[in-house]
Amino acid sequence: MTRFSVVVPARRVQGYLRACLDSVLTQSFGDLELVVVDDASPDGCAAIAAEYAERDPRARVVRVPDRAGPGPARNIGADRATGDHLLFLDGDDLLLPGALAAADAALTAAGEPDVLLCAHDRVDWWEHVRPGGDDLTGDPLAVTPAAWNRFFRRDFWHEQRLAFTDGAYEDVVPVQTATLRAGERLAVLDRPCVRWRERRAGSFATTPGRAHFAVVERYEQLLAAAAPEERARLLPPAAAHLLAVLADPGRIEERARPDFFRAAAGLYRAYAPTDAAPRTAEEKTLAAGSYTAYERLRKAETRRLRVTRQLRRQKKKLRARAMRAAYRGDLRRALDPHLAVYGAYWNRGVSCNPAAIHAKARELAPHIRGVWVVSSRNRHRVPPGVEYVIEGSRRYWQTMATATYLVNNSSFPGGFTKRPGQVYLQTHHGTPLKTMGLDQRRYPAGTHGISFQKVLDHTDQWDFSLSSNPHSTEVWERVYPSGAYRALEAGYPRNDVYFSAGEDEVARIRTQLGVDDGRTVLLYAPTHRDYQKGFLPRLDLRRFAERLGPGFVVLVRAHYFYGADAGLESHPQLVDVTGHPRVEELCLAADALVTDYSSLMFDYACLDRPIVTYAPDWQAYRLARGTYFDLLSGRPGETPGAVATTEDELAGLFRLGGWDTEETAALRSAFRDRFCPFDDGKAAERVVRRLFLGAGQPAAAGSRSS
């Protein structure tokens, strides 16, 4: 029998339905069936659902000749389902990656409960994701009574004769009934499984009107059918839900508020046990049936929230003022000649060139105490034994005020004041193919509000600008113009590992990634687009892997801007390595790199392994962001190897051997000569000796040194 049946009613959701169905059918846990109920939708929902059913035997479509509504449509789907457990998903929502695998594990661990309650999150039309807001540690009846935030054992659903009601708030009766009757056979999965979508065009939940009075009718049905002892449990969450609807101006208009309150109060007083005391002040107003008392309470709460927000803002300002005052005092303290502060990728953790310099300094200059700056949400990325401070904290400002050495590949937060005697090494974090610095002014679509004056102010703080090749040196000098720093042409310390790692290290990494011996490993690592939100690869990864054949494995690395995973479907030839902490290990594991415009190509060239450029949107990218040379020209020193602009061309390169030929090897050699002339495995040592061991004082601005 199938493990999960996912029921999706579909009506007027054609713009979102594909994403919804993809989110189900690409789950890593594949033992499922997808039942799409076309609720006589007048748009393209039926055709979209039929398309999915035709290509995936796990999907099927049930057509309703006349509109039934979301409740009856779900009932139709539940009657056709055959899985052990039911999940009802709306056609404009998403099942999050790994949700079914997590649910399967939770159900197994809990002994196959009747109901599995799960968390959810929310996404708006700007793709801003927020937590769902439910507390899963308390009374399960107090959790949002929705069809899509819990799994139901199918036999239990039918044994209890559960069904969604017709009309608005159709979830309330069956969901709360199931939750109540499950009793001890209810389990909780405290991780988001479903992403609920807020639609800008509006929905019932955001359209005010008297139709929302239906929620009172639903609780009337629920409470009327419940036993007296059950009503005692149901009434507090029912009151909380009714009061939440009343307080939402997107549901109840001001002029309808008294009527809604009276209806809710009548329900409450009709079913409240005689010995039960209201739990909240608002609930007391329902028990008293006093709208005047409710309004007085609501206005007082509004005033309290306003005062609380003002106090919070004032407290934040006072704290910032106190921090700055303390920092000004710290600036009068002597510099610590043995203190270095490191940062990378806007405080994301210990990585890139600064990490390699820090590691080498611990070896060659152990008298230098290295402290990392990280954000509070990234403190878990700091390895054991590495000292760190949280950005904006008191210790952060103390460290910034007294450190002699500053090392970063981006910038330090908060607008620190660089003191005489401090030495700032800007390591950068890539070789520029796309325009950078002041050159970005010609491409405003990709600047996202950058203050170029702040860019220049930051540049004036540098003493050294690390460069991995003459091309970078020339670009940095022009786009970050300042007489304050000099170029340090030493190579990239993060690339040293490519010259020291042996076959045993590569084998260890491949084993860790779950790659079998004898298979060809490709690392697919596209960069982000300034004009694109989210990871949207320009090839069908599943189809691409299958066309390559079982001898290939594709490691997929989405850009870190897009989160911790690539949202891949489960496939034996695809491995999502987006969350892997060290991209250098992924490069070592790969027999070839497939990328578009990522600066990773310049680092990977150190390995002298094939680089394939897959650039289906090259012209759009050049126009939107600008580039310093033509990656697709085929000229030595510009193109690193084979080139493809369509998925068919890319698959053909690997199937027919065009990815690694004498011609591509010659292009790679010229590319490596141009962009990796200083990389030899000793870049970190050169930087450490220059910066920390007596040879690192800034020389005359504008001079070159290697």
# chains A, B, ... in the order shown; residues from 1 in each chain; ligands from 1
>>> select_by_dssp(residues="segment 36-66 of chain A", states="helix (DSSP H, G or I)", output="PDB file with N, CA and C atoms, in the first residue's frame")
ATOM      1  N   CYS A  45      -6.185  24.689 -14.931  1.00  0.00           N
ATOM      2  CA  CYS A  45      -5.823  23.707 -13.905  1.00  0.00           C
ATOM      3  C   CYS A  45      -5.972  22.267 -14.393  1.00  0.00           C
ATOM      4  N   ALA A  46      -7.065  21.979 -15.084  1.00  0.00           N
ATOM      5  CA  ALA A  46      -7.308  20.607 -15.537  1.00  0.00           C
ATOM      6  C   ALA A  46      -6.227  20.137 -16.490  1.00  0.00           C
ATOM      7  N   ALA A  47      -5.834  21.003 -17.417  1.00  0.00           N
ATOM      8  CA  ALA A  47      -4.802  20.625 -18.387  1.00  0.00           C
ATOM      9  C   ALA A  47      -3.453  20.434 -17.707  1.00  0.00           C
ATOM     10  N   ILE A  48      -3.141  21.283 -16.742  1.00  0.00           N
ATOM     11  CA  ILE A  48      -1.873  21.150 -16.018  1.00  0.00           C
ATOM     12  C   ILE A  48      -1.848  19.838 -15.247  1.00  0.00           C
ATOM     13  N   ALA A  49      -2.932  19.549 -14.538  1.00  0.00           N
ATOM     14  CA  ALA A  49      -2.992  18.309 -13.766  1.00  0.00           C
ATOM     15  C   ALA A  49      -2.901  17.086 -14.676  1.00  0.00           C
ATOM     16  N   ALA A  50      -3.573  17.133 -15.822  1.00  0.00           N
ATOM     17  CA  ALA A  50      -3.529  16.014 -16.762  1.00  0.00           C
ATOM     18  C   ALA A  50      -2.112  15.801 -17.299  1.00  0.00           C
ATOM     19  N   GLU A  51      -1.407  16.880 -17.517  1.00  0.00           N
ATOM     20  CA  GLU A  51      -0.023  16.787 -18.001  1.00  0.00           C
ATOM     21  C   GLU A  51       0.846  16.046 -16.993  1.00  0.00           C
ATOM     22  N   TYR A  52       0.679  16.365 -15.708  1.00  0.00           N
ATOM     23  CA  TYR A  52       1.467  15.694 -14.675  1.00  0.00           C
ATOM     24  C   TYR A  52       1.064  14.231 -14.551  1.00  0.00           C
ATOM     25  N   ALA A  53      -0.217  13.957 -14.642  1.00  0.00           N
ATOM     26  CA  ALA A  53      -0.685  12.575 -14.539  1.00  0.00           C
ATOM     27  C   ALA A  53      -0.175  11.724 -15.691  1.00  0.00           C
ATOM     28  N   GLU A  54      -0.009  12.331 -16.846  1.00  0.00           N
ATOM     29  CA  GLU A  54       0.459  11.592 -18.021  1.00  0.00           C
ATOM     30  C   GLU A  54       1.920  11.188 -17.878  1.00  0.00           C
ATOM     31  N   ARG A  55       2.719  12.037 -17.233  1.00  0.00           N
ATOM     32  CA  ARG A  55       4.146  11.732 -17.170  1.00  0.00           C
ATOM     33  C   ARG A  55       4.598  11.087 -15.861  1.00  0.00           C
TER      34      ARG A  55
END
>>> select_by_dssp(residues="segment 542-649 of chain A", states="strand (DSSP E or B)", output="list of chain:residue names")
A:Phe552, A:Val553, A:Val554, A:Leu555, A:Val556, A:Leu574, A:Val575, A:Asp576, A:Ala592, A:Leu593, A:Val594, A:Thr595, A:Ile611, A:Val612, A:Thr613, A:Tyr614, A:Thr627, A:Val643, A:Ala644
>>> residues_around(residues="Ala276 of chain A", least_positions_apart="3", cutoff="8 Å", atoms="only C-alpha atoms", output="mmCIF file with N, CA, C and O atoms, in the first residue's frame")
data_model
loop_
_atom_site.group_PDB
_atom_site.id
_atom_site.type_symbol
_atom_site.label_atom_id
_atom_site.label_comp_id
_atom_site.auth_asym_id
_atom_site.auth_seq_id
_atom_site.Cartn_x
_atom_site.Cartn_y
_atom_site.Cartn_z
ATOM 1 N N ALA A 232 -15.655 21.246 27.052
ATOM 2 C CA ALA A 232 -14.763 21.958 27.961
ATOM 3 C C ALA A 232 -13.376 22.144 27.346
ATOM 4 O O ALA A 232 -12.709 23.155 27.579
ATOM 5 N N ALA A 272 -20.713 27.102 27.168
ATOM 6 C CA ALA A 272 -19.736 27.162 28.259
ATOM 7 C C ALA A 272 -20.215 26.329 29.441
ATOM 8 O O ALA A 272 -21.355 26.485 29.904
ATOM 9 N N PRO A 273 -19.386 25.444 29.959
ATOM 10 C CA PRO A 273 -19.756 24.677 31.159
ATOM 11 C C PRO A 273 -19.998 25.624 32.336
ATOM 12 O O PRO A 273 -19.339 26.658 32.464
#
>>> residues_around(residues="Tyr16 of chain A", least_positions_apart="5", cutoff="12 Å", atoms="only C-alpha atoms", output="list in words")
Ala10, Arg11, Leu21, Asp22, Ser23, Asp43, Gly44, Cys45, Ile48, Ala49, Asp90, Gly91, Asp92, Asp93, Leu94, Trp125, Trp196, Arg197, Glu198 and Arg199 of chain A
>>> closest_residue(among="A:Pro537, A:Pro413, A:Pro70, A:Pro237", to="Asp171 of chain A", atoms="only C-alpha atoms")
A:Pro70
>>> closest_residue(among="A:Val382, A:Val6, A:Ala545, A:Cys352", to="Arg582 of chain A", atoms="only C-alpha atoms")
A:Cys352
>>> residues_around(residues="segment 631-636 of chain A", least_positions_apart="3", cutoff="9 Å", atoms="only C-alpha atoms", output="list in words")
Leu433, Tyr597, Thr613, Ala615, Trp618, Thr627, Tyr628, Thr639, Pro640, Gly641, Ala642, Val643, Ala666, Leu667, Arg668, Ser669, Ala670 and Phe671 of chain A
>>> residues_around(residues="segment 74-83 of chain A", least_positions_apart="3", cutoff="12 Å", atoms="only C-alpha atoms", output="PyMOL selection string")
chain A and resi 1-11+31-39+58-64+68-71+86-91+147-148+151-158+161-166+170-171+174
>>> residues_around(residues="Gln573 of chain A", least_positions_apart="4", cutoff="7 Å", atoms="only C-alpha atoms", output="list in words")
Ala545, Pro550, Phe552, Val553 and Val554 of chain A
>>> closest_residue(among="A:Asp190, A:Glu477, A:Glu159, A:Glu282", to="Leu136 of chain A", atoms="only C-alpha atoms")
A:Asp190
>>> closest_residue(among="A:Pro432, A:Gly551, A:Pro249, A:Gly626", to="Leu600 of chain A", atoms="only C-alpha atoms")
A:Pro432
